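*Asks:* Let me give you the structure first, and then I'll get to my questions.
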Amino acid sequence: MVTFYYCEYCGTKRKSETSITSITCLSHPSGPNRGNHKLYEGEEKSKYACKYCGKDSSSIAKLITGACRKHPDGANKGKHAPE
């Protein structure tokens with residue numbers, strides 16, 4: 001069984017932890033390509049839920065596309081984040 005590693009910010013998946021964390025991320029909170037992918041430390045799941053509002057999606061990439069109404073920076077001022 002192949003293990004994949006995911007970016008918490010954009011949902012990109014790679015086969016090694018190093019290949020995820022060494023590449024810049026288009027969805028980085030500081031701006032596109034202003035930081036590397038962040039390793040998602042949870043397990044691979046069939047559904048991913050936002051840690052702020054509970055909305056769920058079948059992938060991290062789909063989950064983070066929308067603005068979160070309960071984001072700590074204010075309603076719709078940040079994206080959903082996987083638990």
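By order of appearance in the structure tokens: chains A, B, ..., then residues from 1 within every chain, and ligands from 1 in the order shown.
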Give me the residues within 10 Å of A:Arg69 as a list of chain:residue names, counting only C-alpha atoms and dropping any in the same chain fewer than 6 places off.
*Replies:*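 Near A:Arg69, the qualifying residues are A:Tyr52, A:Cys53, A:Ala75, A:Asn76, A:Lys77, A:Gly78, A:Lys79, A:His80.
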*Asks:* Those selected residues, please, written with all heavy atoms and delivered as a PDB file, in the first residue's frame.
*Replies:*
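Okay, this is what ended up in result36.pdb:
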ATOM      1  N   TYR A  52     -12.649  24.871  11.911  1.00  0.00           N
ATOM      2  CA  TYR A  52     -13.333  26.049  12.425  1.00  0.00           C
ATOM      3  C   TYR A  52     -14.864  25.927  12.394  1.00  0.00           C
ATOM      4  O   TYR A  52     -15.532  26.324  13.324  1.00  0.00           O
ATOM      5  CB  TYR A  52     -12.929  27.299  11.646  1.00  0.00           C
ATOM      6  CG  TYR A  52     -11.447  27.526  11.576  1.00  0.00           C
ATOM      7  CD1 TYR A  52     -10.813  27.704  10.356  1.00  0.00           C
ATOM      8  CD2 TYR A  52     -10.659  27.556  12.730  1.00  0.00           C
ATOM      9  CE1 TYR A  52      -9.442  27.915  10.283  1.00  0.00           C
ATOM     10  CE2 TYR A  52      -9.294  27.757  12.666  1.00  0.00           C
ATOM     11  CZ  TYR A  52      -8.692  27.944  11.436  1.00  0.00           C
ATOM     12  OH  TYR A  52      -7.342  28.147  11.363  1.00  0.00           O
ATOM     13  N   CYS A  53     -15.395  25.372  11.306  1.00  0.00           N
ATOM     14  CA  CYS A  53     -16.862  25.370  11.164  1.00  0.00           C
ATOM     15  C   CYS A  53     -17.487  23.990  10.991  1.00  0.00           C
ATOM     16  O   CYS A  53     -18.698  23.849  11.055  1.00  0.00           O
ATOM     17  CB  CYS A  53     -17.279  26.267   9.994  1.00  0.00           C
ATOM     18  SG  CYS A  53     -16.881  25.579   8.366  1.00  0.00           S
ATOM     19  N   ALA A  75     -15.373  36.377   9.670  1.00  0.00           N
ATOM     20  CA  ALA A  75     -16.228  35.658   8.726  1.00  0.00           C
ATOM     21  C   ALA A  75     -15.763  35.888   7.294  1.00  0.00           C
ATOM     22  O   ALA A  75     -15.615  37.029   6.849  1.00  0.00           O
ATOM     23  CB  ALA A  75     -17.675  36.104   8.879  1.00  0.00           C
ATOM     24  N   ASN A  76     -15.493  34.805   6.592  1.00  0.00           N
ATOM     25  CA  ASN A  76     -15.074  34.803   5.189  1.00  0.00           C
ATOM     26  C   ASN A  76     -13.755  35.526   4.929  1.00  0.00           C
ATOM     27  O   ASN A  76     -13.480  35.937   3.816  1.00  0.00           O
ATOM     28  CB  ASN A  76     -16.186  35.368   4.306  1.00  0.00           C
ATOM     29  CG  ASN A  76     -17.459  34.565   4.428  1.00  0.00           C
ATOM     30  OD1 ASN A  76     -17.421  33.339   4.452  1.00  0.00           O
ATOM     31  ND2 ASN A  76     -18.591  35.221   4.551  1.00  0.00           N
ATOM     32  N   LYS A  77     -12.912  35.680   5.960  1.00  0.00           N
ATOM     33  CA  LYS A  77     -11.614  36.338   5.793  1.00  0.00           C
ATOM     34  C   LYS A  77     -10.472  35.326   5.727  1.00  0.00           C
ATOM     35  O   LYS A  77      -9.311  35.710   5.743  1.00  0.00           O
ATOM     36  CB  LYS A  77     -11.377  37.347   6.903  1.00  0.00           C
ATOM     37  CG  LYS A  77     -12.314  38.522   6.802  1.00  0.00           C
ATOM     38  CD  LYS A  77     -11.927  39.617   7.720  1.00  0.00           C
ATOM     39  CE  LYS A  77     -12.883  40.793   7.507  1.00  0.00           C
ATOM     40  NZ  LYS A  77     -12.530  41.937   8.300  1.00  0.00           N
ATOM     41  N   GLY A  78     -10.796  34.074   5.662  1.00  0.00           N
ATOM     42  CA  GLY A  78      -9.795  33.010   5.541  1.00  0.00           C
ATOM     43  C   GLY A  78     -10.455  31.764   5.006  1.00  0.00           C
ATOM     44  O   GLY A  78     -11.680  31.651   4.960  1.00  0.00           O
ATOM     45  N   LYS A  79      -9.646  30.836   4.574  1.00  0.00           N
ATOM     46  CA  LYS A  79     -10.168  29.593   4.002  1.00  0.00           C
ATOM     47  C   LYS A  79     -10.417  28.549   5.083  1.00  0.00           C
ATOM     48  O   LYS A  79      -9.918  28.654   6.190  1.00  0.00           O
ATOM     49  CB  LYS A  79      -9.168  29.044   2.981  1.00  0.00           C
ATOM     50  CG  LYS A  79      -9.010  29.959   1.788  1.00  0.00           C
ATOM     51  CD  LYS A  79      -8.071  29.332   0.778  1.00  0.00           C
ATOM     52  CE  LYS A  79      -7.982  30.225  -0.434  1.00  0.00           C
ATOM     53  NZ  LYS A  79      -7.266  29.572  -1.505  1.00  0.00           N
ATOM     54  N   HIS A  80     -11.181  27.516   4.706  1.00  0.00           N
ATOM     55  CA  HIS A  80     -11.375  26.367   5.589  1.00  0.00           C
ATOM     56  C   HIS A  80     -10.014  25.714   5.828  1.00  0.00           C
ATOM     57  O   HIS A  80      -9.118  25.791   4.992  1.00  0.00           O
ATOM     58  CB  HIS A  80     -12.306  25.334   4.942  1.00  0.00           C
ATOM     59  CG  HIS A  80     -13.705  25.824   4.739  1.00  0.00           C
ATOM     60  ND1 HIS A  80     -14.570  26.041   5.764  1.00  0.00           N
ATOM     61  CD2 HIS A  80     -14.371  26.140   3.603  1.00  0.00           C
ATOM     62  CE1 HIS A  80     -15.738  26.446   5.290  1.00  0.00           C
ATOM     63  NE2 HIS A  80     -15.630  26.525   3.978  1.00  0.00           N
TER      64      HIS A  80
END
*Asks:* Return as a PyMOL selection string the full set of residues in chain A whose backbone-based DSSP assignment is strand (DSSP E or B).
*Replies:* chain A and resi 5-7+13-14+24+36+39+48-50+56-57+67+79+82
*Asks:* What's around A:Ile64 at 9 Å? Count only C-alpha atoms, leave out sequence neighbours fewer than 4 positions away in its own chain, and write the answer as a PyMOL selection string.
*Replies:* chain A and resi 8-11+50+59-60+68+79-82
*Asks:* Could you pull out the residues in chain A that DSSP calls helix (DSSP H, G or I) from the backbone, as a PDB file with N, CA, C and O atoms, in the first residue's frame?
*Replies:*
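Heads up, here's the output in part.pdb:
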ATOM      1  N   GLU A  17       7.473  12.722   2.310  1.00  0.00           N
ATOM      2  CA  GLU A  17       7.343  13.907   3.159  1.00  0.00           C
ATOM      3  C   GLU A  17       8.263  15.026   2.667  1.00  0.00           C
ATOM      4  O   GLU A  17       7.881  16.190   2.608  1.00  0.00           O
ATOM      5  N   THR A  18       9.463  14.661   2.257  1.00  0.00           N
ATOM      6  CA  THR A  18      10.429  15.641   1.777  1.00  0.00           C
ATOM      7  C   THR A  18       9.946  16.330   0.511  1.00  0.00           C
ATOM      8  O   THR A  18      10.109  17.541   0.357  1.00  0.00           O
ATOM      9  N   SER A  19       9.336  15.582  -0.394  1.00  0.00           N
ATOM     10  CA  SER A  19       8.887  16.193  -1.649  1.00  0.00           C
ATOM     11  C   SER A  19       7.720  17.155  -1.424  1.00  0.00           C
ATOM     12  O   SER A  19       7.519  18.075  -2.204  1.00  0.00           O
ATOM     13  N   ILE A  20       6.970  16.985  -0.372  1.00  0.00           N
ATOM     14  CA  ILE A  20       5.877  17.926  -0.050  1.00  0.00           C
ATOM     15  C   ILE A  20       6.438  19.184   0.585  1.00  0.00           C
ATOM     16  O   ILE A  20       6.120  20.296   0.182  1.00  0.00           O
ATOM     17  N   THR A  21       7.292  19.047   1.557  1.00  0.00           N
ATOM     18  CA  THR A  21       7.734  20.201   2.342  1.00  0.00           C
ATOM     19  C   THR A  21       8.834  21.027   1.674  1.00  0.00           C
ATOM     20  O   THR A  21       9.151  22.112   2.140  1.00  0.00           O
ATOM     21  N   ILE A  60      -8.896  17.440   0.751  1.00  0.00           N
ATOM     22  CA  ILE A  60      -8.395  18.691   1.313  1.00  0.00           C
ATOM     23  C   ILE A  60      -8.467  19.780   0.253  1.00  0.00           C
ATOM     24  O   ILE A  60      -8.877  20.909   0.529  1.00  0.00           O
ATOM     25  N   ALA A  61      -8.093  19.447  -0.992  1.00  0.00           N
ATOM     26  CA  ALA A  61      -8.101  20.429  -2.079  1.00  0.00           C
ATOM     27  C   ALA A  61      -9.492  21.042  -2.262  1.00  0.00           C
ATOM     28  O   ALA A  61      -9.625  22.247  -2.461  1.00  0.00           O
ATOM     29  N   LYS A  62     -10.527  20.235  -2.182  1.00  0.00           N
ATOM     30  CA  LYS A  62     -11.898  20.746  -2.327  1.00  0.00           C
ATOM     31  C   LYS A  62     -12.325  21.533  -1.092  1.00  0.00           C
ATOM     32  O   LYS A  62     -13.023  22.529  -1.201  1.00  0.00           O
ATOM     33  N   LEU A  63     -11.907  21.097   0.079  1.00  0.00           N
ATOM     34  CA  LEU A  63     -12.299  21.752   1.322  1.00  0.00           C
ATOM     35  C   LEU A  63     -11.767  23.180   1.392  1.00  0.00           C
ATOM     36  O   LEU A  63     -12.489  24.103   1.747  1.00  0.00           O
TER      37      LEU A  63
END
*Asks:* I'd like the contact shell of A:Gly35 - 10 Å cut-off, only C-alpha atoms, skipping same-chain residues fewer than 4 positions apart - returned as a VMD selection string.
*Replies:* chain A and resid 21 to 31
*Asks:* Using only C-alpha atoms, which residue out of A:Arg34, A:Lys70, A:Glu44, A:Gly54 lies closest to A:Tyr5?
*Replies:* A:Glu44
